[in-house]
$ cat upload-v4.txt   # compact mmCIF, C-alpha atoms
# COMPACT_ATOMS: atom_id res chain seq x y z
CA MET X 18 21.90 19.39 16.90
CA GLU X 19 18.84 18.58 14.84
CA GLN X 20 20.66 18.85 11.52
CA VAL X 21 23.54 16.69 12.81
CA ILE X 22 21.13 13.94 13.90
CA ASN X 23 19.20 14.18 10.64
CA TYR X 24 22.44 13.87 8.68
CA LEU X 25 23.33 10.72 10.63
CA LYS X 26 19.89 9.27 9.98
CA SER X 27 20.02 9.92 6.26
CA ASN X 28 23.51 8.42 5.90
CA LYS X 29 23.07 5.35 8.08
CA GLU X 30 23.04 2.92 5.13
CA ASN X 31 26.23 4.45 3.72
CA TYR X 32 27.93 3.97 7.07
CA ILE X 33 26.93 0.30 7.14
CA GLU X 34 28.47 -0.25 3.71
CA GLU X 35 31.68 1.45 4.88
CA LEU X 36 31.68 -0.71 7.99
CA LYS X 37 31.45 -3.81 5.79
CA ASP X 38 34.64 -2.74 4.01
CA PHE X 39 36.34 -2.31 7.39
CA LEU X 40 35.16 -5.73 8.60
CA ARG X 41 36.53 -7.45 5.49
CA ILE X 42 40.08 -6.60 6.60
CA GLN X 43 41.49 -9.63 8.45
CA SER X 44 43.32 -7.63 11.12
CA ILE X 45 44.08 -10.50 13.53
CA SER X 46 46.76 -9.06 15.79
CA THR X 47 48.06 -12.27 17.35
CA LEU X 48 48.93 -14.01 14.05
CA GLN X 49 52.07 -12.85 12.25
CA GLU X 50 50.71 -13.91 8.85
CA HIS X 51 48.14 -11.10 9.12
CA LYS X 52 50.75 -8.33 9.46
CA GLU X 53 49.78 -6.78 6.11
CA ASP X 54 46.09 -6.93 7.05
CA ILE X 55 46.94 -5.04 10.23
CA ASN X 56 48.67 -2.35 8.18
CA ASN X 57 45.69 -2.18 5.81
CA ALA X 58 43.32 -1.70 8.74
CA ALA X 59 45.49 1.13 10.11
CA ARG X 60 45.45 2.84 6.69
CA PHE X 61 41.67 2.41 6.48
CA VAL X 62 41.20 4.14 9.85
CA ALA X 63 43.60 6.94 8.93
CA ASP X 64 41.81 7.58 5.64
CA LYS X 65 38.43 7.71 7.36
CA LEU X 66 39.70 10.12 10.02
CA LYS X 67 40.96 12.46 7.29
CA ALA X 68 37.62 12.22 5.49
CA ALA X 69 35.80 12.91 8.76
CA GLY X 70 37.55 16.27 9.18
CA MET X 71 40.57 15.64 11.40
CA ASN X 72 43.22 18.14 10.32
CA GLU X 73 46.20 16.14 11.58
CA VAL X 74 46.23 12.38 11.02
CA LYS X 75 49.22 10.06 11.23
CA ILE X 76 50.04 6.38 11.39
CA ILE X 77 52.58 5.85 14.16
CA GLN X 78 54.82 2.79 13.98
CA THR X 79 55.60 0.90 17.18
CA GLU X 80 57.68 -2.19 17.93
CA GLY X 81 54.48 -4.10 17.20
CA HIS X 82 51.41 -2.94 15.30
CA PRO X 83 50.84 0.70 14.31
CA LEU X 84 48.76 3.29 16.14
CA VAL X 85 46.52 5.75 14.30
CA TYR X 86 46.28 9.28 15.67
CA GLY X 87 44.10 12.17 14.55
CA GLU X 88 43.10 15.51 16.05
CA TRP X 89 41.03 18.64 15.55
CA LEU X 90 41.75 21.41 18.07
CA GLY X 91 39.63 24.22 16.65
CA ALA X 92 37.60 24.97 19.79
CA PRO X 93 39.88 26.93 22.16
CA GLY X 94 38.60 27.15 25.73
CA LYS X 95 36.39 24.09 25.27
CA PRO X 96 37.03 20.61 26.69
CA THR X 97 39.13 18.06 24.81
CA VAL X 98 37.91 14.50 24.32
CA LEU X 99 40.24 11.66 23.41
CA ILE X 100 38.37 8.90 21.57
CA TYR X 101 40.02 5.51 21.93
CA GLY X 102 39.32 2.23 20.13
CA HIS X 103 41.05 -0.66 18.40
CA TYR X 104 41.06 -2.01 14.87
CA ASP X 105 42.56 -5.42 15.66
CA VAL X 106 40.41 -8.53 16.12
CA GLN X 107 40.54 -11.99 17.64
CA PRO X 108 41.36 -15.16 15.66
CA VAL X 109 38.33 -16.91 14.14
CA ASP X 110 38.88 -20.47 15.36
CA PRO X 111 37.01 -22.79 15.27
CA ILE X 112 36.18 -21.77 11.70
CA GLU X 113 33.74 -24.66 11.19
CA LEU X 114 31.32 -23.14 13.72
CA TRP X 115 30.81 -19.94 11.71
CA GLU X 116 27.48 -19.86 9.86
CA SER X 117 28.89 -17.30 7.38
CA PRO X 118 32.51 -16.44 6.49
CA PRO X 119 34.01 -14.41 9.38
CA PHE X 120 35.46 -11.74 7.09
CA GLU X 121 32.55 -11.48 4.67
CA PRO X 122 30.02 -9.32 6.57
CA THR X 123 26.51 -10.76 6.45
CA ILE X 124 23.34 -8.98 7.57
CA LYS X 125 20.66 -11.19 9.08
CA ASP X 126 17.72 -10.31 11.37
CA GLY X 127 18.92 -6.73 11.83
CA LYS X 128 22.45 -7.77 12.84
CA ILE X 129 25.76 -7.65 11.01
CA TYR X 130 27.84 -10.84 11.36
CA ALA X 131 31.65 -10.70 11.07
CA ARG X 132 34.75 -10.93 13.22
CA GLY X 133 35.22 -7.51 14.84
CA ALA X 134 31.61 -6.44 14.30
CA THR X 135 31.04 -5.60 17.96
CA ASP X 136 34.63 -5.88 19.26
CA ASP X 137 35.58 -3.24 18.34
CA LYS X 138 35.36 -2.10 14.73
CA GLY X 139 31.61 -1.49 14.72
CA GLN X 140 31.61 0.39 18.01
CA MET X 141 34.73 2.43 17.28
CA TYR X 142 33.55 3.41 13.81
CA ILE X 143 30.46 5.05 15.34
CA HIS X 144 32.57 7.94 16.66
CA ILE X 145 34.37 8.61 13.40
CA LYS X 146 31.03 9.04 11.62
CA SER X 147 29.41 11.14 14.36
CA VAL X 148 32.36 13.56 14.26
CA GLU X 149 32.12 13.65 10.47
CA ALA X 150 28.43 14.58 10.71
CA PHE X 151 29.30 17.80 12.57
CA PHE X 152 31.75 18.87 9.88
CA LYS X 153 29.33 17.97 7.07
CA THR X 154 26.50 20.02 8.63
CA VAL X 155 27.72 22.86 10.87
CA GLY X 156 31.34 22.87 9.67
CA SER X 157 33.05 22.41 13.04
CA LEU X 158 32.91 20.69 16.42
CA PRO X 159 31.77 22.35 19.68
CA LEU X 160 34.80 20.90 21.49
CA ASN X 161 38.26 19.54 20.71
CA VAL X 162 38.67 15.93 19.61
CA LYS X 163 41.63 13.57 19.45
CA PHE X 164 41.51 9.97 18.20
CA LEU X 165 43.88 7.21 19.26
CA ILE X 166 43.11 3.87 17.59
CA GLU X 167 45.43 0.91 18.26
CA GLY X 168 46.10 -2.51 16.75
CA GLU X 169 47.17 -4.50 19.80
CA GLU X 170 44.23 -4.45 22.21
CA GLU X 171 43.49 -8.13 21.68
CA ILE X 172 47.07 -9.02 22.62
CA GLY X 173 47.33 -6.84 25.71
CA SER X 174 48.10 -3.39 24.23
CA THR X 175 51.78 -4.33 24.34
CA ASN X 176 53.24 -1.04 23.10
CA LEU X 177 50.49 1.42 24.00
CA GLU X 178 51.44 2.21 27.58
CA SER X 179 54.98 3.21 26.66
CA PHE X 180 53.59 5.38 23.84
CA ILE X 181 51.26 7.14 26.28
CA ASN X 182 54.11 7.71 28.75
CA GLN X 183 56.21 9.30 25.99
CA ASN X 184 53.41 11.45 24.54
CA LEU X 185 51.50 12.85 27.49
CA GLN X 186 51.28 16.34 25.98
CA MET X 187 50.04 15.07 22.62
CA LEU X 188 47.31 13.04 24.32
CA LYS X 189 46.39 15.63 26.97
CA CYS X 190 42.60 15.72 27.38
CA ASP X 191 39.75 16.13 29.83
CA ALA X 192 37.90 12.89 29.11
CA VAL X 193 38.51 9.62 27.24
CA LEU X 194 35.51 8.29 25.31
CA ILE X 195 35.59 4.54 24.75
CA SER X 196 33.05 2.23 23.15
CA ASP X 197 34.32 -1.29 23.81
CA THR X 198 31.85 -2.34 26.49
CA SER X 199 28.25 -3.51 26.44
CA LEU X 200 24.71 -2.41 27.10
CA PHE X 201 23.05 -4.00 30.10
CA ASP X 202 20.32 -5.33 27.83
CA ASP X 203 18.81 -4.83 24.41
CA GLY X 204 17.75 -1.19 23.97
CA ILE X 205 18.85 -0.11 27.47
CA PRO X 206 21.24 2.89 27.45
CA THR X 207 24.14 1.98 29.71
CA LEU X 208 27.31 3.59 31.01
CA THR X 209 29.97 1.37 32.54
CA TYR X 210 31.75 2.89 35.54
CA GLY X 211 34.03 0.00 36.53
CA LEU X 212 36.20 -2.59 34.78
CA ARG X 213 37.99 -5.60 36.15
CA GLY X 214 41.71 -5.88 35.65
CA LEU X 215 43.64 -8.87 34.37
CA CYS X 216 46.58 -11.03 35.33
CA TYR X 217 47.32 -13.63 32.64
CA MET X 218 49.74 -16.44 33.47
CA GLU X 219 51.16 -19.59 31.90
CA VAL X 220 52.08 -22.71 33.87
CA GLU X 221 54.36 -25.32 32.29
CA VAL X 222 54.92 -28.67 34.00
CA THR X 223 57.83 -30.82 32.82
CA GLY X 224 58.37 -34.46 33.74
CA PRO X 225 60.64 -36.78 31.73
CA ASN X 226 63.11 -35.33 29.22
CA ARG X 227 61.10 -36.67 26.24
CA ASP X 228 57.70 -38.14 25.41
CA LEU X 229 57.49 -41.75 26.60
CA HIS X 230 55.62 -44.92 25.63
CA SER X 231 52.83 -45.23 28.21
CA GLY X 232 53.16 -49.02 28.33
CA THR X 233 56.90 -49.21 28.77
CA PHE X 234 57.14 -46.30 31.21
CA GLY X 235 53.61 -45.97 32.64
CA GLY X 236 53.69 -46.25 36.44
CA ALA X 237 57.36 -45.34 36.64
CA VAL X 238 57.24 -41.57 36.10
CA ALA X 239 54.73 -38.80 36.81
CA ASN X 240 52.54 -37.72 33.93
CA PRO X 241 52.78 -33.89 33.61
CA ILE X 242 49.15 -33.66 32.43
CA ASN X 243 47.94 -35.47 35.55
CA VAL X 244 50.10 -33.30 37.79
CA LEU X 245 48.94 -30.08 36.12
CA ALA X 246 45.30 -31.11 36.46
CA LYS X 247 45.80 -31.71 40.19
CA ILE X 248 47.45 -28.30 40.62
CA ILE X 249 44.57 -26.56 38.82
CA SER X 250 42.00 -28.44 40.89
CA LYS X 251 43.50 -27.01 44.10
CA LEU X 252 43.18 -23.35 43.08
CA HIS X 253 39.56 -23.07 44.31
CA ASP X 254 37.86 -24.35 47.45
CA LYS X 255 34.45 -26.03 47.49
CA ASP X 256 32.69 -22.63 47.77
CA GLY X 257 34.40 -21.17 44.70
CA LYS X 258 36.86 -19.05 46.67
CA ILE X 259 40.38 -18.73 45.25
CA ASN X 260 42.90 -20.57 47.41
CA ILE X 261 45.94 -18.33 46.84
CA PRO X 262 47.16 -16.84 50.16
CA GLY X 263 46.83 -13.03 50.17
CA PHE X 264 44.78 -12.97 46.96
CA TYR X 265 41.84 -11.05 48.51
CA ASN X 266 43.88 -8.66 50.68
CA ASP X 267 43.34 -5.57 48.48
CA VAL X 268 39.85 -6.28 47.13
CA LEU X 269 37.51 -3.28 47.25
CA LYS X 270 34.30 -4.57 48.73
CA LEU X 271 31.00 -3.82 47.04
CA SER X 272 29.10 -1.06 48.81
CA LYS X 273 25.56 -1.49 50.00
CA ALA X 274 24.43 1.12 47.46
CA GLU X 275 26.08 -0.77 44.60
CA ARG X 276 24.48 -4.05 45.60
CA GLN X 277 21.11 -2.29 45.72
CA ASN X 278 21.73 -0.82 42.27
CA PHE X 279 22.48 -4.29 40.90
CA LYS X 280 19.14 -5.49 42.30
CA TYR X 281 17.39 -2.55 40.62
CA LEU X 282 18.56 -3.85 37.24
CA LYS X 283 16.34 -6.94 37.73
CA PHE X 284 18.84 -9.34 36.24
CA SER X 285 17.39 -12.79 35.51
CA GLU X 286 19.78 -15.56 36.50
CA LYS X 287 17.46 -18.15 34.94
CA LYS X 288 17.47 -16.37 31.57
CA PHE X 289 21.25 -15.91 31.79
CA ALA X 290 21.72 -19.65 32.37
CA ARG X 291 19.27 -20.54 29.61
CA ASP X 292 21.09 -18.29 27.10
CA LEU X 293 24.35 -20.05 27.94
CA GLY X 294 22.82 -23.51 27.67
CA VAL X 295 23.72 -24.56 31.22
CA ALA X 296 21.43 -26.15 33.79
CA GLU X 297 22.58 -23.85 36.59
CA LEU X 298 25.12 -21.13 37.37
CA LYS X 299 28.21 -21.63 39.49
CA GLY X 300 30.51 -19.20 41.27
CA GLU X 301 31.78 -17.82 44.55
CA LYS X 302 29.34 -18.55 47.36
CA GLY X 303 27.61 -15.60 49.00
CA PHE X 304 27.38 -13.38 45.91
CA THR X 305 24.86 -12.94 43.12
CA THR X 306 25.85 -13.52 39.52
CA LEU X 307 26.16 -9.78 38.78
CA GLU X 308 28.26 -9.28 41.90
CA ARG X 309 30.56 -12.13 40.86
CA ILE X 310 30.98 -10.82 37.30
CA TRP X 311 31.31 -7.12 38.08
CA GLY X 312 32.72 -6.79 41.59
CA ARG X 313 34.59 -9.97 42.54
CA PRO X 314 37.92 -11.37 41.33
CA THR X 315 38.07 -14.70 39.51
CA LEU X 316 40.55 -17.35 38.36
CA ASP X 317 39.98 -19.46 35.25
CA CYS X 318 41.97 -21.93 33.19
CA ASN X 319 41.70 -20.68 29.59
CA GLY X 320 43.49 -23.53 27.89
CA ILE X 321 45.38 -26.72 28.67
CA PHE X 322 47.50 -28.73 26.30
CA GLY X 323 50.20 -31.39 26.12
CA GLY X 324 50.79 -34.84 24.72
CA PHE X 325 48.82 -36.18 21.78
CA THR X 326 45.73 -34.19 20.75
CA GLY X 327 45.16 -35.39 17.20
CA LYS X 328 42.54 -37.83 15.91
CA GLY X 329 42.88 -41.48 16.80
CA ALA X 330 45.14 -42.83 19.53
CA LYS X 331 48.75 -42.46 20.53
CA THR X 332 49.76 -43.99 23.83
CA VAL X 333 52.19 -41.43 25.14
CA ILE X 334 53.25 -39.90 28.44
CA PRO X 335 54.10 -36.33 27.47
CA SER X 336 57.26 -34.60 28.53
CA LYS X 337 55.38 -31.35 29.14
CA ALA X 338 51.90 -30.01 29.86
CA THR X 339 50.92 -26.34 29.80
CA ALA X 340 47.98 -24.30 31.05
CA LYS X 341 46.95 -20.71 30.38
CA ILE X 342 45.35 -19.19 33.48
CA SER X 343 43.76 -15.75 33.78
CA MET X 344 42.68 -13.88 36.87
CA ARG X 345 40.19 -11.03 36.61
CA LEU X 346 40.97 -8.42 39.25
CA VAL X 347 38.94 -5.73 40.98
CA PRO X 348 39.96 -2.39 42.53
CA TYR X 349 42.52 -2.22 44.27
CA GLN X 350 44.28 -5.41 43.24
CA GLU X 351 47.55 -4.95 41.32
CA PRO X 352 48.46 -7.39 38.50
CA LYS X 353 52.17 -7.55 39.38
CA LYS X 354 51.45 -8.33 43.01
CA ILE X 355 48.87 -10.99 42.10
CA ALA X 356 51.34 -12.54 39.62
CA LYS X 357 53.90 -12.95 42.41
CA LEU X 358 51.33 -14.49 44.77
CA PHE X 359 50.16 -16.85 42.03
CA THR X 360 53.71 -17.92 41.12
CA LYS X 361 54.64 -18.57 44.74
CA HIS X 362 51.50 -20.65 45.32
CA ILE X 363 51.87 -22.73 42.15
CA LYS X 364 55.47 -23.62 43.03
CA LYS X 365 54.36 -24.56 46.52
CA LEU X 366 51.74 -26.92 45.07
CA ALA X 367 54.19 -28.53 42.62
CA PRO X 368 55.54 -31.94 43.70
CA LYS X 369 59.29 -32.62 43.55
CA TYR X 370 59.01 -35.20 40.76
CA VAL X 371 58.24 -32.50 38.16
CA THR X 372 59.66 -29.11 37.23
CA VAL X 373 57.27 -26.15 37.07
CA LYS X 374 57.82 -22.92 35.17
CA VAL X 375 55.42 -20.00 35.73
CA SER X 376 55.38 -17.08 33.28
CA GLU X 377 53.51 -13.79 33.38
CA LEU X 378 52.09 -13.07 29.90
CA HIS X 379 50.30 -9.76 30.37
CA GLY X 380 47.97 -7.86 32.67
CA GLY X 381 46.00 -4.70 33.27
CA ASN X 382 44.78 -2.68 36.21
CA PRO X 383 41.13 -2.52 37.24
CA VAL X 384 39.41 0.87 37.19
CA ILE X 385 36.40 2.59 38.73
CA THR X 386 35.01 6.06 37.87
CA PRO X 387 32.94 8.30 40.18
CA LEU X 388 29.36 8.50 38.92
CA GLU X 389 29.14 12.23 39.68
CA ASN X 390 31.93 13.02 37.21
CA GLN X 391 30.88 15.68 34.63
CA ALA X 392 31.91 13.61 31.62
CA THR X 393 30.06 10.58 32.97
CA GLN X 394 26.92 12.62 33.52
CA ALA X 395 27.21 14.11 30.02
CA GLY X 396 27.45 10.58 28.67
CA ALA X 397 24.35 9.52 30.60
CA ARG X 398 22.36 12.49 29.26
CA ALA X 399 23.55 11.77 25.71
CA MET X 400 22.54 8.13 25.80
CA SER X 401 19.19 8.94 27.40
CA LYS X 402 18.43 11.39 24.55
CA ALA X 403 19.46 8.92 21.86
CA PHE X 404 17.62 5.91 23.30
CA GLY X 405 14.64 7.78 24.73
CA LYS X 406 15.09 6.01 28.08
CA LYS X 407 16.83 6.64 31.39
CA CYS X 408 20.49 5.61 31.33
CA VAL X 409 21.56 2.90 33.77
CA PHE X 410 25.00 2.35 35.30
CA MET X 411 26.89 -0.91 35.66
CA ARG X 412 30.31 -2.44 36.08
CA GLU X 413 31.87 -4.73 33.47
CA GLY X 414 33.54 -8.07 34.09
CA GLY X 415 36.01 -7.68 31.23
CA SER X 416 39.21 -5.70 31.05
CA ILE X 417 40.44 -2.82 28.91
CA PRO X 418 43.94 -2.38 30.38
CA VAL X 419 44.53 1.01 28.79
CA VAL X 420 41.54 2.61 30.58
CA ALA X 421 43.37 2.61 33.90
CA THR X 422 46.47 3.98 32.16
CA PHE X 423 44.49 6.84 30.63
CA ALA X 424 42.93 7.70 33.97
CA ARG X 425 46.25 7.59 35.83
CA LYS X 426 48.65 9.11 33.31
CA LEU X 427 46.40 11.71 31.66
CA ASN X 428 44.28 12.50 34.71
CA ALA X 429 41.29 12.15 32.40
CA SER X 430 37.84 10.73 33.10
CA PRO X 431 37.01 7.51 31.22
CA VAL X 432 33.52 7.48 29.68
CA LEU X 433 32.71 3.87 28.83
CA MET X 434 29.81 4.24 26.42
CA GLY X 435 29.28 0.76 25.01
CA PHE X 436 26.72 -0.27 22.39
CA GLY X 437 27.34 -4.00 22.11
CA LEU X 438 25.71 -6.88 23.94
CA ASN X 439 27.50 -9.65 25.81
CA THR X 440 25.38 -12.12 23.83
CA GLU X 441 26.94 -10.99 20.51
CA ASN X 442 29.63 -13.69 20.52
CA LEU X 443 32.64 -11.42 20.85
CA HIS X 444 35.75 -13.67 20.80
CA SER X 445 33.53 -16.54 19.56
CA PRO X 446 32.24 -17.83 16.21
CA ASN X 447 29.35 -15.85 14.68
CA GLU X 448 30.27 -12.52 16.28
CA HIS X 449 27.66 -9.90 15.41
CA PHE X 450 26.46 -6.37 16.17
CA SER X 451 22.92 -5.02 16.29
CA LEU X 452 22.39 -2.43 13.56
CA LYS X 453 19.76 -0.81 15.78
CA HIS X 454 22.43 -0.22 18.42
CA PHE X 455 24.89 0.92 15.75
CA GLU X 456 22.39 3.62 14.78
CA LEU X 457 21.61 4.62 18.38
CA GLY X 458 25.36 4.75 18.98
CA LEU X 459 25.77 7.31 16.21
CA TYR X 460 23.21 9.57 17.89
CA SER X 461 24.64 8.97 21.39
CA SER X 462 28.13 9.94 20.26
CA ALA X 463 26.89 13.13 18.61
CA TYR X 464 24.81 14.06 21.66
CA PHE X 465 27.82 13.45 23.91
CA ILE X 466 29.97 15.84 21.90
CA ASN X 467 27.27 18.49 22.28
CA GLU X 468 26.52 17.79 25.97
CA TYR X 469 30.13 17.69 27.11
CA SER X 470 31.02 20.85 25.19
CA ALA X 471 28.65 22.72 27.50

$ encode --input "upload-v4.txt" --output "structure tokens"
Amino acid sequence: MEQVINYLKSNKENYIEELKDFLRIQSISTLQEHKEDINNAARFVADKLKAAGMNEVKIIQTEGHPLVYGEWLGAPGKPTVLIYGHYDVQPVDPIELWESPPFEPTIKDGKIYARGATDDKGQMYIHIKSVEAFFKTVGSLPLNVKFLIEGEEEIGSTNLESFINQNLQMLKCDAVLISDTSLFDDGIPTLTYGLRGLCYMEVEVTGPNRDLHSGTFGGAVANPINVLAKIISKLHDKDGKINIPGFYNDVLKLSKAERQNFKYLKFSEKKFARDLGVAELKGEKGFTTLERIWGRPTLDCNGIFGGFTGKGAKTVIPSKATAKISMRLVPYQEPKKIAKLFTKHIKKLAPKYVTVKVSELHGGNPVITPLENQATQAGARAMSKAFGKKCVFMREGGSIPVVATFARKLNASPVLMGFGLNTENLHSPNEHFSLKHFELGLYSSAYFINEYSA
């Protein structure tokens, strides 16, 4: 292992320059005008997998954006690891808040700034280079490796689940290694053993059949924006509990041991609030902030629009108002069931003088992994060696819908070995990634390959 680690150390600067090239590709999956950028990003990944030593690499077209697959199966009798990641990124809006161009990587204070730096190009690229280091030094890997890199994670992995269902033998593995989560804190090696799921809905309220002059018609018809705001305001009670009947029926309660483990992490709520620029934190009564983020379901309005939103004034009663609402779910809540409960409740809240349409946009199942799992323990040992500190375990408030699919369909253990930080502005302007953690990630990935092979 020493020569593999030394090779990674000596080539770190080269990897950063390669990562810059990757980050310059504007692979925004939700915007159709970036379709060619998406294809360029897929080709970049495929080329790097070939250069790393994968002996079968292919770009697989889907009904949406392409998948990139690569494999090396030269270690018969040894475990097989599937490494998953995504090359697509979020939009950059609002562009005026970026301190440097989002697709021109900039290094400042030991961090690389660009859209996709931490989510997920920087983290995913770690594994390609760690695998390459084995081939460049010892000529082979001590286990079997498959890569599956997608271009639709930021839009709900629309075509990935069907691809997995149709290619179970191709993707067969013992563990799935994923780096799309975070460290608990700067320099603290962390494995994530639980993810929240997601149920993402859209609510459209329609009043009159066209936009109306608010002087001529004001007071005669209901304003859809006002009605929608009232509906949203009734989705929580005064203690932060979600008011949808049946919503909590399947929630897996936090164990006493988990709550003790969260206390052991010595999370500072004051520092958390200060970093966010808020005077105090707010959430479901009776739970700590970590418990709310990691182990409790939530409901949030992610966007609301309708009527006139430009500069200046336009006195109008809009015909329609729309809200995007997401619910983060915990084991054992099911997105489809929650979507039905949500739809039923919204329609019950809607007054007769408007029409309400509720649409399910996408969702994903929550997941939890036993800590005693062999792959998880190998991951903990690997990170401890790389960081020189004891690895800690945590849950994550976010969602990676495909993780539950991998666990269920492939009967494989997810190893969520993240190297980012939640403070790195993923999905926000000025996204960045610590180059220190990029380097420690290279070593962690290499150590994991060695540890799990045993």

$ residues_around --input "upload-v4.txt" --residues "region 308-311 of chain X" --least-positions-apart "6" --cutoff "10 Å" --atoms "all atoms listed in the file" --output "PyMOL selection string"
chain X and resi 211-213+271+275-276+279-280+299-302+345-347+411-415

$ residues_around --input "upload-v4.txt" --residues "region 164-168 of chain X" --least-positions-apart "6" --cutoff "6 Å" --atoms "all atoms listed in the file" --output "list in words"
His82, Leu84, Val85, Tyr86, Gly87, Leu99, Ile100, Tyr101, Gly102, His103, Tyr104 and Asp105 of chain X

$ atom_distance --input "upload-v4.txt" --atom1 "CA of Glu448 (chain X)" --atom2 "CA of Thr135 (chain X)"
7.2 Å

$ closest_residue --input "upload-v4.txt" --among "X:Asn243, X:Ala403, X:Glu377, X:Lys255" --to "Ser336 (chain X)" --atoms "only C-alpha atoms"
X:Asn243

$ closest_residue --input "upload-v4.txt" --among "X:Val21, X:Met141, X:Val98, X:Ala338" --to "Ala192 (chain X)" --atoms "all atoms listed in the file"
X:Val98

$ atom_distance --input "upload-v4.txt" --atom1 "CA of Gly133 (chain X)" --atom2 "CA of Ala397 (chain X)"
25.6 Å

$ residues_near_point --input "upload-v4.txt" --point "(19.0, 7.5, 30.4)" --cutoff "12 Å" --atoms "all atoms listed in the file" --output "list in words"
Leu200, Gly204, Ile205, Pro206, Thr207, Leu208, Thr393, Gln394, Ala395, Gly396, Ala397, Arg398, Ala399, Met400, Ser401, Lys402, Ala403, Phe404, Gly405, Lys406, Lys407, Cys408, Val409, Phe410, Met434 and Ser461 of chain X

$ atom_distance --input "upload-v4.txt" --atom1 "CA of Pro446 (chain X)" --atom2 "CA of Glu113 (chain X)"
8.6 Å

$ residues_around --input "upload-v4.txt" --residues "Glu80 (chain X)" --least-positions-apart "6" --cutoff "12 Å" --atoms "all atoms listed in the file" --output "PyMOL selection string"
chain X and resi 168-169+174-177+179-180

$ residues_around --input "upload-v4.txt" --residues "Glu286 (chain X)" --least-positions-apart "6" --cutoff "9 Å" --atoms "only C-alpha atoms" --output "number ranges by chain"
X: 297-298, 305-307

$ write_last_selection --input "upload-v4.txt" --atoms "C-alpha atoms" --output "mmCIF file, in the coordinates of the input"
data_model
loop_
_atom_site.group_PDB
_atom_site.id
_atom_site.type_symbol
_atom_site.label_atom_id
_atom_site.label_comp_id
_atom_site.auth_asym_id
_atom_site.auth_seq_id
_atom_site.Cartn_x
_atom_site.Cartn_y
_atom_site.Cartn_z
ATOM 1 C CA GLU X 297 22.580 -23.850 36.590
ATOM 2 C CA LEU X 298 25.120 -21.130 37.370
ATOM 3 C CA THR X 305 24.860 -12.940 43.120
ATOM 4 C CA THR X 306 25.850 -13.520 39.520
ATOM 5 C CA LEU X 307 26.160 -9.780 38.780
#

$ closest_residue --input "upload-v4.txt" --among "X:Lys283, X:Ser376, X:Gln391, X:Asp137" --to "Ser199 (chain X)" --atoms "all atoms listed in the file"
X:Asp137

$ decode --input "upload-v4.txt" --residues "region 399-411 of chain X" --atoms "N, CA and C atoms" --output "PDB file, in the first residue's frame"
ATOM      1  N   ALA X 399     -10.501   2.373   6.776  1.00  0.00           N
ATOM      2  CA  ALA X 399      -9.807   3.101   5.709  1.00  0.00           C
ATOM      3  C   ALA X 399      -9.731   4.585   6.013  1.00  0.00           C
ATOM      4  N   MET X 400     -10.837   5.165   6.419  1.00  0.00           N
ATOM      5  CA  MET X 400     -10.858   6.597   6.704  1.00  0.00           C
ATOM      6  C   MET X 400     -10.006   6.931   7.928  1.00  0.00           C
ATOM      7  N   SER X 401     -10.039   6.060   8.918  1.00  0.00           N
ATOM      8  CA  SER X 401      -9.216   6.277  10.113  1.00  0.00           C
ATOM      9  C   SER X 401      -7.733   6.299   9.752  1.00  0.00           C
ATOM     10  N   LYS X 402      -7.314   5.385   8.862  1.00  0.00           N
ATOM     11  CA  LYS X 402      -5.905   5.357   8.433  1.00  0.00           C
ATOM     12  C   LYS X 402      -5.541   6.619   7.659  1.00  0.00           C
ATOM     13  N   ALA X 403      -6.418   7.051   6.780  1.00  0.00           N
ATOM     14  CA  ALA X 403      -6.127   8.212   5.942  1.00  0.00           C
ATOM     15  C   ALA X 403      -6.077   9.502   6.763  1.00  0.00           C
ATOM     16  N   PHE X 404      -7.015   9.665   7.670  1.00  0.00           N
ATOM     17  CA  PHE X 404      -7.137  10.900   8.442  1.00  0.00           C
ATOM     18  C   PHE X 404      -6.297  10.899   9.716  1.00  0.00           C
ATOM     19  N   GLY X 405      -5.911   9.683  10.156  1.00  0.00           N
ATOM     20  CA  GLY X 405      -5.158   9.591  11.406  1.00  0.00           C
ATOM     21  C   GLY X 405      -6.007   9.835  12.628  1.00  0.00           C
ATOM     22  N   LYS X 406      -7.317   9.622  12.514  1.00  0.00           N
ATOM     23  CA  LYS X 406      -8.253   9.825  13.628  1.00  0.00           C
ATOM     24  C   LYS X 406      -9.325   8.743  13.583  1.00  0.00           C
ATOM     25  N   LYS X 407      -9.991   8.546  14.718  1.00  0.00           N
ATOM     26  CA  LYS X 407     -11.075   7.568  14.777  1.00  0.00           C
ATOM     27  C   LYS X 407     -12.250   8.032  13.934  1.00  0.00           C
ATOM     28  N   CYS X 408     -12.799   7.121  13.117  1.00  0.00           N
ATOM     29  CA  CYS X 408     -13.935   7.436  12.266  1.00  0.00           C
ATOM     30  C   CYS X 408     -15.213   7.527  13.094  1.00  0.00           C
ATOM     31  N   VAL X 409     -16.046   8.517  12.797  1.00  0.00           N
ATOM     32  CA  VAL X 409     -17.335   8.651  13.465  1.00  0.00           C
ATOM     33  C   VAL X 409     -18.444   8.278  12.485  1.00  0.00           C
ATOM     34  N   PHE X 410     -19.638   8.008  13.034  1.00  0.00           N
ATOM     35  CA  PHE X 410     -20.773   7.588  12.228  1.00  0.00           C
ATOM     36  C   PHE X 410     -21.919   8.576  12.403  1.00  0.00           C
ATOM     37  N   MET X 411     -22.604   8.865  11.309  1.00  0.00           N
ATOM     38  CA  MET X 411     -23.728   9.789  11.397  1.00  0.00           C
ATOM     39  C   MET X 411     -24.772   9.449  10.345  1.00  0.00           C
TER      40      MET X 411
END
